[in-house]
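Chemist: Take this structure, written in structure tokens, and hold onto it; I'll ask about it next.
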Amino acid sequence: MVIYYYFSGCFIENPPIKMIDLNKEVRFLKGVGEYRSKNLQKLGIVTVEDLIFYYPRVYRDFSNIVKISDVKLNQKISVKVKVSQIKNHHTRNRRFFITEALVSDETGTLKVVWFNQSYLTKNINVQDNILLAGKLELDKGKTFLKNPEYEVLRGQNLETKHLGRISPVYHENSRISSKWLRSLIKPLLSEFEIADFLSEEIKKAKNFLDLKDALLNIHFPKNNDYLLKARQRLSFDEVFVPQFSSVVAREKLRQENSPSIKIDLGLAKKMIDNLPFKLTVSQKKAVWQIIKDIEKNRPMNRLLEGDVGSGKTIVATIILFLVSCTGYQGVLMVPTEILAWEHFSKIKSFLKDFKLNIEILTSSSKAKEKKLVLDKLKRGKIDILIGTHSLIAEKIEFNNLGLSVIDEQHRFGVKQRKALKEKNQKITPHFLSMTATPIPRTFALTVYGDLDISILKDMPKGERKVKSFLVPSKKRADAYEFIREKIKKGKQAFVICPAILKNDKFGIKAVEEEYERLSKDIFKEFRVGLLHGKINADEKKMVLDNFRKGLTKILIATTVVEVGIDIPQLTIMMIENADRFGLAQLHQLRGRIGRAGEQSFFMLFTDSKNPQTIERLKMLSKITDGFKLAEYDLSLRGPGATFSIKQSGYVEFKLASFTDYDLIKDAKEMAESIIAKDPSLKRYPLLKEKIRSIEEIVHLE
């Protein structure tokens, strides 16, 4: 009989005596304690799991050990020697200590000198075997090894942690060194076992190292070949786990029931013909894909992706309309009140010729209004409800929810998305996510593996004319004059700042400070408005209404306007401290201007002198395609920084790359093959537990 033990989030078959407890806090490890654990926490290391998966950033190769007789002048070398003499003495002016040692091997003797390291006489003893790594220098006709790194070899096992091998170098801070981290990690990986969630079958098929061997060789590689093998195994793990989670989630979804919503295609044609514009080919394709999905009695789980201005809102509106005409309710949740009111206004306008009850609900809705909306919603008297996070409050009850739509879905956490989907207790509603953040193919395949994806590739007619510039500081006055002339001709402008309050430490411009300066000095002849997240809902609405009516000519704002602002006369946007924003976010902001087809201008300002930062910002003037821009930003900064998703339940890669399509595809196919052969994962208990333990972390719609 096989007995499984539950340990560190996994079931272990016949576990060895010493297992790594991945959940153990590092402060309880020998030699760490409270003080060092706080410094480790600054590096993101809290548990043992964080520690052993804290990979080196680079490596130094000290593996080429030579004999003393082969040492050459000015050459960096490693030698294994025995100490015959070591002592400290002051320099003549007594300004600093010199530690001198004589060391030898079977081929000769070598002098070693360290400066201001008097403690070495306590660490290194006569007759000690040591490894030294440094450069042989010549001074006054004498050769010596100057300030070499050292490692004392003691005991029976002379295996090294630091020298005489390929040595890992980690991201450090002032209190945590790579040498100390090596001393902490090596015993854990050498003396303990770790549960390996990949089966022997998978490892054999892929020629992978065991997990313990992979971790040992990522931290302390035997040679470059083993380092490559370790990277291959651990990179696969990083990709495979979210892919497998997605396949499992998709399989679970297939077991659930959803309403089979039969759409009246004649009504759909009538509604689309009534629009004041023609749908693009990709919009029509997306509408058809969604219609076919919701006809099935299993839940739709689709992502509608498109660049800024590609027309996602109208696709969602068409589907919400068609669903509501079958007797089911539809709900649209958005991240901000500004966007909620924008969608509410647009959808009501699009559907004004049809007798539908469309309502809005936000956290700032008055108590009396909220009570009325909730009552009507419960009785089935509301066809389409639009709102913010308040839509997932427990007391909200739908009468017959058939479709849930989330706009800018990456701005919501996993639990928030899950709560909205569960608003129909009787049956699982169909689910549509939307995002205007262009997501490269490989990233989408990894993060949204459990969703079907519709991409709006072509833009509606009337291409936007937006010129983007990185404006030098010396041209700031000219930029202000340019804006002044455009405003005199009836145009409007945005000025975007990264913060609400002034931050001198980082030199970040704040909206309130900039508002005072621009309204009372630079543009005192124009009406200037102020908008940020801390302004109450009524005031926000008034500020935006004045801007839409043209009463306010310049609006100083934070990125609260990143989505949801559609003003035809808005043709100019200035971004202060542009280096504080990712390219994807800047592209989103750029999408707020030029929506009427007029020539518009997007101006970036930065005080940064970093050449890489300057080059990154210049890419906005070279690339207008949001997908290409996101691909570029992803390769530079990774998904967390590119898409601002650290809080949203997405995986981050340490070794693998989101641009490695072959690796991602391979992991996906392996996951699908396992589920097809063994849906209950009876043959893969460790893998099953691994997936279960991370379900709250990995993005599972």
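For the structure tokens, the naming scheme is as follows: chains receive sequential letters (A, B, ...) according to their order of presentation, residues are indexed from 1 within each chain, and ligands are indexed from 1 in presentation order.
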Out of region 526-585 of chain A, which residues get strand (DSSP E) from DSSP, as an MDAnalysis selection string?
Modeler: chainID A and resid 528:531 554:557 570:575
Chemist: Please produce a file of the residues just selected, as a PDB file, in the first residue's frame, where the atoms kept are N, CA and C atoms.
Modeler:
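Heads up, here's the output in part.pdb:
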ATOM      1  N   VAL A 528      -8.907  76.534 -16.436  1.00  0.00           N
ATOM      2  CA  VAL A 528      -8.162  75.290 -16.228  1.00  0.00           C
ATOM      3  C   VAL A 528      -8.879  74.462 -15.163  1.00  0.00           C
ATOM      4  N   GLY A 529      -9.036  73.174 -15.429  1.00  0.00           N
ATOM      5  CA  GLY A 529      -9.714  72.278 -14.488  1.00  0.00           C
ATOM      6  C   GLY A 529      -8.742  71.310 -13.831  1.00  0.00           C
ATOM      7  N   LEU A 530      -9.200  70.678 -12.749  1.00  0.00           N
ATOM      8  CA  LEU A 530      -8.389  69.728 -11.983  1.00  0.00           C
ATOM      9  C   LEU A 530      -9.188  68.444 -11.762  1.00  0.00           C
ATOM     10  N   LEU A 531      -8.546  67.294 -12.017  1.00  0.00           N
ATOM     11  CA  LEU A 531      -9.244  66.016 -11.863  1.00  0.00           C
ATOM     12  C   LEU A 531      -8.279  64.954 -11.347  1.00  0.00           C
ATOM     13  N   ILE A 554      -8.293  73.503 -20.501  1.00  0.00           N
ATOM     14  CA  ILE A 554      -7.164  72.631 -20.132  1.00  0.00           C
ATOM     15  C   ILE A 554      -7.543  71.874 -18.867  1.00  0.00           C
ATOM     16  N   LEU A 555      -7.323  70.567 -18.886  1.00  0.00           N
ATOM     17  CA  LEU A 555      -7.632  69.757 -17.712  1.00  0.00           C
ATOM     18  C   LEU A 555      -6.344  69.117 -17.203  1.00  0.00           C
ATOM     19  N   ILE A 556      -5.996  69.425 -15.944  1.00  0.00           N
ATOM     20  CA  ILE A 556      -4.826  68.830 -15.297  1.00  0.00           C
ATOM     21  C   ILE A 556      -5.321  67.598 -14.542  1.00  0.00           C
ATOM     22  N   ALA A 557      -4.742  66.434 -14.816  1.00  0.00           N
ATOM     23  CA  ALA A 557      -5.304  65.200 -14.250  1.00  0.00           C
ATOM     24  C   ALA A 557      -4.233  64.147 -14.002  1.00  0.00           C
ATOM     25  N   LEU A 570     -10.633  67.301 -27.983  1.00  0.00           N
ATOM     26  CA  LEU A 570      -9.409  67.043 -27.227  1.00  0.00           C
ATOM     27  C   LEU A 570      -8.329  66.573 -28.202  1.00  0.00           C
ATOM     28  N   THR A 571      -7.389  67.462 -28.528  1.00  0.00           N
ATOM     29  CA  THR A 571      -6.374  67.150 -29.539  1.00  0.00           C
ATOM     30  C   THR A 571      -4.942  67.264 -29.023  1.00  0.00           C
ATOM     31  N   ILE A 572      -4.774  67.655 -27.751  1.00  0.00           N
ATOM     32  CA  ILE A 572      -3.422  67.816 -27.203  1.00  0.00           C
ATOM     33  C   ILE A 572      -3.331  67.128 -25.845  1.00  0.00           C
ATOM     34  N   MET A 573      -2.240  66.389 -25.632  1.00  0.00           N
ATOM     35  CA  MET A 573      -1.983  65.810 -24.312  1.00  0.00           C
ATOM     36  C   MET A 573      -0.504  65.954 -23.983  1.00  0.00           C
ATOM     37  N   MET A 574      -0.246  66.512 -22.787  1.00  0.00           N
ATOM     38  CA  MET A 574       1.114  66.620 -22.253  1.00  0.00           C
ATOM     39  C   MET A 574       1.272  65.616 -21.125  1.00  0.00           C
ATOM     40  N   ILE A 575       2.355  64.867 -21.124  1.00  0.00           N
ATOM     41  CA  ILE A 575       2.633  63.913 -20.049  1.00  0.00           C
ATOM     42  C   ILE A 575       3.861  64.381 -19.277  1.00  0.00           C
TER      43      ILE A 575
END
Chemist: List the spatial neighbours of region 543-550 of chain A as a list in words - criterion: any atom at most 10 Å away, only C-alpha atoms, same-chain residues fewer than 2 positions off excluded.
Modeler: Ile338, Gly490, Lys491, Gln492, Ala493, Arg527, Val528, Gly529, Leu530, Leu531, Ile535, Ala537, Asp538, Glu539, Lys540, Lys541, Thr552, Lys553, Ile554, Leu555, Ile565, Asp566, Ile567, Pro568, Gln569 and Leu570 of chain A
Chemist: Those selected residues, please, written with N, CA and C atoms and delivered as a PDB file, in the first residue's frame.
Modeler:
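Wrote out12.pdb, looks like this:
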ATOM      1  N   ILE A 338     -15.799  57.193 -13.769  1.00  0.00           N
ATOM      2  CA  ILE A 338     -15.740  57.963 -15.020  1.00  0.00           C
ATOM      3  C   ILE A 338     -16.089  57.065 -16.193  1.00  0.00           C
ATOM      4  N   GLY A 490      -9.936  76.819 -30.656  1.00  0.00           N
ATOM      5  CA  GLY A 490     -11.077  76.006 -30.224  1.00  0.00           C
ATOM      6  C   GLY A 490     -10.745  74.608 -29.753  1.00  0.00           C
ATOM      7  N   LYS A 491      -9.464  74.267 -29.673  1.00  0.00           N
ATOM      8  CA  LYS A 491      -9.086  72.928 -29.233  1.00  0.00           C
ATOM      9  C   LYS A 491      -8.950  72.881 -27.706  1.00  0.00           C
ATOM     10  N   GLN A 492      -8.808  71.656 -27.172  1.00  0.00           N
ATOM     11  CA  GLN A 492      -8.652  71.466 -25.732  1.00  0.00           C
ATOM     12  C   GLN A 492      -7.442  70.580 -25.447  1.00  0.00           C
ATOM     13  N   ALA A 493      -6.950  70.667 -24.208  1.00  0.00           N
ATOM     14  CA  ALA A 493      -5.719  69.947 -23.866  1.00  0.00           C
ATOM     15  C   ALA A 493      -5.817  69.276 -22.509  1.00  0.00           C
ATOM     16  N   ARG A 527      -9.645  78.916 -18.824  1.00  0.00           N
ATOM     17  CA  ARG A 527     -10.196  78.192 -17.687  1.00  0.00           C
ATOM     18  C   ARG A 527      -9.513  76.826 -17.605  1.00  0.00           C
ATOM     19  N   VAL A 528      -8.907  76.534 -16.436  1.00  0.00           N
ATOM     20  CA  VAL A 528      -8.162  75.290 -16.228  1.00  0.00           C
ATOM     21  C   VAL A 528      -8.879  74.462 -15.163  1.00  0.00           C
ATOM     22  N   GLY A 529      -9.036  73.174 -15.429  1.00  0.00           N
ATOM     23  CA  GLY A 529      -9.714  72.278 -14.488  1.00  0.00           C
ATOM     24  C   GLY A 529      -8.742  71.310 -13.831  1.00  0.00           C
ATOM     25  N   LEU A 530      -9.200  70.678 -12.749  1.00  0.00           N
ATOM     26  CA  LEU A 530      -8.389  69.728 -11.983  1.00  0.00           C
ATOM     27  C   LEU A 530      -9.188  68.444 -11.762  1.00  0.00           C
ATOM     28  N   LEU A 531      -8.546  67.294 -12.017  1.00  0.00           N
ATOM     29  CA  LEU A 531      -9.244  66.016 -11.863  1.00  0.00           C
ATOM     30  C   LEU A 531      -8.279  64.954 -11.347  1.00  0.00           C
ATOM     31  N   ILE A 535     -11.048  63.341  -5.690  1.00  0.00           N
ATOM     32  CA  ILE A 535     -12.184  64.256  -5.821  1.00  0.00           C
ATOM     33  C   ILE A 535     -13.474  63.438  -5.759  1.00  0.00           C
ATOM     34  N   ALA A 537     -17.356  62.081  -6.366  1.00  0.00           N
ATOM     35  CA  ALA A 537     -17.996  61.717  -7.633  1.00  0.00           C
ATOM     36  C   ALA A 537     -18.760  62.879  -8.269  1.00  0.00           C
ATOM     37  N   ASP A 538     -19.489  63.649  -7.467  1.00  0.00           N
ATOM     38  CA  ASP A 538     -20.266  64.766  -8.019  1.00  0.00           C
ATOM     39  C   ASP A 538     -19.352  65.815  -8.634  1.00  0.00           C
ATOM     40  N   GLU A 539     -18.250  66.089  -7.947  1.00  0.00           N
ATOM     41  CA  GLU A 539     -17.305  67.094  -8.454  1.00  0.00           C
ATOM     42  C   GLU A 539     -16.624  66.596  -9.728  1.00  0.00           C
ATOM     43  N   LYS A 540     -16.282  65.297  -9.757  1.00  0.00           N
ATOM     44  CA  LYS A 540     -15.685  64.715 -10.973  1.00  0.00           C
ATOM     45  C   LYS A 540     -16.612  64.891 -12.168  1.00  0.00           C
ATOM     46  N   LYS A 541     -17.901  64.587 -11.926  1.00  0.00           N
ATOM     47  CA  LYS A 541     -18.888  64.675 -12.995  1.00  0.00           C
ATOM     48  C   LYS A 541     -19.001  66.107 -13.498  1.00  0.00           C
ATOM     49  N   THR A 552     -14.152  74.443 -19.970  1.00  0.00           N
ATOM     50  CA  THR A 552     -12.778  74.276 -19.504  1.00  0.00           C
ATOM     51  C   THR A 552     -11.913  73.928 -20.702  1.00  0.00           C
ATOM     52  N   LYS A 553     -10.800  74.649 -20.846  1.00  0.00           N
ATOM     53  CA  LYS A 553      -9.936  74.463 -22.010  1.00  0.00           C
ATOM     54  C   LYS A 553      -8.779  73.498 -21.742  1.00  0.00           C
ATOM     55  N   ILE A 554      -8.293  73.503 -20.501  1.00  0.00           N
ATOM     56  CA  ILE A 554      -7.164  72.631 -20.132  1.00  0.00           C
ATOM     57  C   ILE A 554      -7.543  71.874 -18.867  1.00  0.00           C
ATOM     58  N   LEU A 555      -7.323  70.567 -18.886  1.00  0.00           N
ATOM     59  CA  LEU A 555      -7.632  69.757 -17.712  1.00  0.00           C
ATOM     60  C   LEU A 555      -6.344  69.117 -17.203  1.00  0.00           C
ATOM     61  N   ILE A 565     -12.615  58.545 -21.385  1.00  0.00           N
ATOM     62  CA  ILE A 565     -12.834  59.933 -21.777  1.00  0.00           C
ATOM     63  C   ILE A 565     -12.906  59.995 -23.300  1.00  0.00           C
ATOM     64  N   ASP A 566     -13.981  60.519 -23.822  1.00  0.00           N
ATOM     65  CA  ASP A 566     -14.163  60.603 -25.274  1.00  0.00           C
ATOM     66  C   ASP A 566     -14.677  61.996 -25.619  1.00  0.00           C
ATOM     67  N   ILE A 567     -13.740  62.921 -25.895  1.00  0.00           N
ATOM     68  CA  ILE A 567     -14.091  64.324 -26.164  1.00  0.00           C
ATOM     69  C   ILE A 567     -13.514  64.717 -27.521  1.00  0.00           C
ATOM     70  N   PRO A 568     -14.353  65.003 -28.509  1.00  0.00           N
ATOM     71  CA  PRO A 568     -13.898  65.256 -29.881  1.00  0.00           C
ATOM     72  C   PRO A 568     -12.871  66.377 -30.020  1.00  0.00           C
ATOM     73  N   GLN A 569     -13.016  67.466 -29.234  1.00  0.00           N
ATOM     74  CA  GLN A 569     -12.117  68.613 -29.387  1.00  0.00           C
ATOM     75  C   GLN A 569     -10.794  68.450 -28.634  1.00  0.00           C
ATOM     76  N   LEU A 570     -10.633  67.301 -27.983  1.00  0.00           N
ATOM     77  CA  LEU A 570      -9.409  67.043 -27.227  1.00  0.00           C
ATOM     78  C   LEU A 570      -8.329  66.573 -28.202  1.00  0.00           C
TER      79      LEU A 570
END
Chemist: If we count only C-alpha atoms, what is near region 327-330 of chain A at a cut-off of 6 Å, once residues fewer than 5 positions away on the same chain are taken out, given as a PDB file with N, CA and C atoms, in the first residue's frame?
Modeler:
ATOM      1  N   LEU A 320     -24.909  42.660 -25.226  1.00  0.00           N
ATOM      2  CA  LEU A 320     -25.771  42.936 -24.065  1.00  0.00           C
ATOM      3  C   LEU A 320     -27.216  43.164 -24.521  1.00  0.00           C
ATOM      4  N   ASP A 383     -32.824  45.519 -17.534  1.00  0.00           N
ATOM      5  CA  ASP A 383     -32.282  44.662 -18.588  1.00  0.00           C
ATOM      6  C   ASP A 383     -30.760  44.670 -18.600  1.00  0.00           C
ATOM      7  N   ILE A 384     -30.181  45.870 -18.481  1.00  0.00           N
ATOM      8  CA  ILE A 384     -28.723  46.013 -18.511  1.00  0.00           C
ATOM      9  C   ILE A 384     -28.302  46.908 -17.349  1.00  0.00           C
ATOM     10  N   ASN A 400     -32.268  37.126 -13.319  1.00  0.00           N
ATOM     11  CA  ASN A 400     -31.983  36.112 -14.334  1.00  0.00           C
ATOM     12  C   ASN A 400     -30.755  36.525 -15.135  1.00  0.00           C
ATOM     13  N   LEU A 401     -29.591  36.551 -14.471  1.00  0.00           N
ATOM     14  CA  LEU A 401     -28.369  37.034 -15.117  1.00  0.00           C
ATOM     15  C   LEU A 401     -27.868  36.018 -16.136  1.00  0.00           C
ATOM     16  N   GLY A 402     -27.710  36.484 -17.370  1.00  0.00           N
ATOM     17  CA  GLY A 402     -27.243  35.594 -18.439  1.00  0.00           C
ATOM     18  C   GLY A 402     -25.856  35.924 -18.949  1.00  0.00           C
ATOM     19  N   LEU A 403     -25.438  37.198 -18.782  1.00  0.00           N
ATOM     20  CA  LEU A 403     -24.145  37.616 -19.330  1.00  0.00           C
ATOM     21  C   LEU A 403     -23.461  38.625 -18.410  1.00  0.00           C
TER      22      LEU A 403
END
Chemist: Using only C-alpha atoms, which of the listed residues (A:Ala316, A:Met271, A:Ile382, A:Met670) sits closest to Ile347 (chain A)?
Modeler: A:Ala316
Chemist: Report, in Å to a single decimal, how far apart CA of Ile194 (chain A) and CA of Glu238 (chain A) are.
Modeler: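 Distance between the two atoms: 16.7 Å.
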Chemist: Can you work out the spacing between CA of Lys688 (chain A) and CA of Phe53 (chain A) in Å, to one decimal?
Modeler: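 Interatomic distance here is 20.5 Å.
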Chemist: What lies within 10 Å of Lys378 (chain A) using only C-alpha atoms, ignoring chain neighbours under 6 positions off, as a list in words?
Modeler: Ile396, Glu397, Phe398, Asn399 and Asn400 of chain A
Chemist: Find the spatial neighbours of region 297-314 of chain A, counting only C-alpha atoms, within a cut-off of 7 Å - ignore same-chain residues fewer than 4 positions away - and output them as a PyMOL selection string.
Modeler: chain A and resi 253-254+256-260+293+318+428-438+451-460+588+591+626
Chemist: Show me a table, sorted first by chain and then by increasing residue number, of the residues of region 127-161 of chain A having an atom at most 12 Å from region 210-230 of chain A, each with its shortest atom pair and the distance in Å to one decimal, counting only C-alpha atoms and written as a Markdown table.
Modeler:
| residue | atom | partner | partner_atom | distance |
| --- | --- | --- | --- | --- |
| A:Glu159 | CA | A:Phe220 | CA | 10.8 |
| A:Thr160 | CA | A:Phe220 | CA | 9.3 |
| A:Lys161 | CA | A:Phe220 | CA | 7.5 |
Chemist: When distances are computed from only C-alpha atoms, which of A:Arg165, A:Lys467, A:Lys348, A:Arg595 shows the smallest separation from Lys622 (chain A)?
Modeler: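 Looking at the shortest contact to Lys622 (chain A), the residue is A:Lys467.
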Chemist: To test your reading of the structure, identify every residue in region 85-174 of chain A that backbone DSSP assigns to alpha helix (DSSP H), and report it as a list of chain:residue names.
Modeler: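 Reading the DSSP output for region 85-174 of chain A, alpha helix (DSSP H) covers A:Leu120, A:Thr121, A:Lys122, A:Asn123.
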Chemist: Based on the selection just made, write N, CA and C atoms of those residues as a PDB file, in the first residue's frame.
Modeler:
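The file below, result-v5.pdb, is the result:
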ATOM      1  N   LEU A 120      40.747  38.789   9.049  1.00  0.00           N
ATOM      2  CA  LEU A 120      41.059  37.558   8.324  1.00  0.00           C
ATOM      3  C   LEU A 120      41.937  36.607   9.137  1.00  0.00           C
ATOM      4  N   THR A 121      42.747  37.149  10.053  1.00  0.00           N
ATOM      5  CA  THR A 121      43.604  36.279  10.868  1.00  0.00           C
ATOM      6  C   THR A 121      42.786  35.424  11.833  1.00  0.00           C
ATOM      7  N   LYS A 122      41.525  35.833  12.062  1.00  0.00           N
ATOM      8  CA  LYS A 122      40.630  35.026  12.900  1.00  0.00           C
ATOM      9  C   LYS A 122      39.877  33.988  12.067  1.00  0.00           C
ATOM     10  N   ASN A 123      39.687  34.306  10.788  1.00  0.00           N
ATOM     11  CA  ASN A 123      38.936  33.406   9.903  1.00  0.00           C
ATOM     12  C   ASN A 123      39.831  32.357   9.240  1.00  0.00           C
TER      13      ASN A 123
END
Chemist: Between CA of Val560 (chain A) and CA of Trp341 (chain A), measure the distance and give it in Å to one decimal.
Modeler: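 Atom-to-atom, CA of Val560 (chain A) and CA of Trp341 (chain A) are spaced 13.4 Å apart.
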Chemist: With only C-alpha atoms as the atoms that count, which of A:Ala133, A:Leu267, A:Ile185, A:Met333 lies nearest to Gly31 (chain A)?
Modeler: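 Among the listed residues, A:Ile185 lies closest to Gly31 (chain A).
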Chemist: For Leu470 (chain A), list every protein, DNA or RNA residue within 12 Å, evaluated using only C-alpha atoms, and leave out those in the same chain fewer than 4 positions away; present the list as a list in words.
Modeler: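 What passes the distance filter is Lys474, Lys475, Arg476, Ala479, Met574, Ile575, Glu576, Asn577, Ala578, Asp579, Phe601, Phe602, Met603, Leu604, Phe605, Thr606, Asp607, Ser608, Thr613, Ile614, Glu615, Arg616, Leu617, Lys618, Met619, Leu620, Ser621 and Lys622 of chain A.
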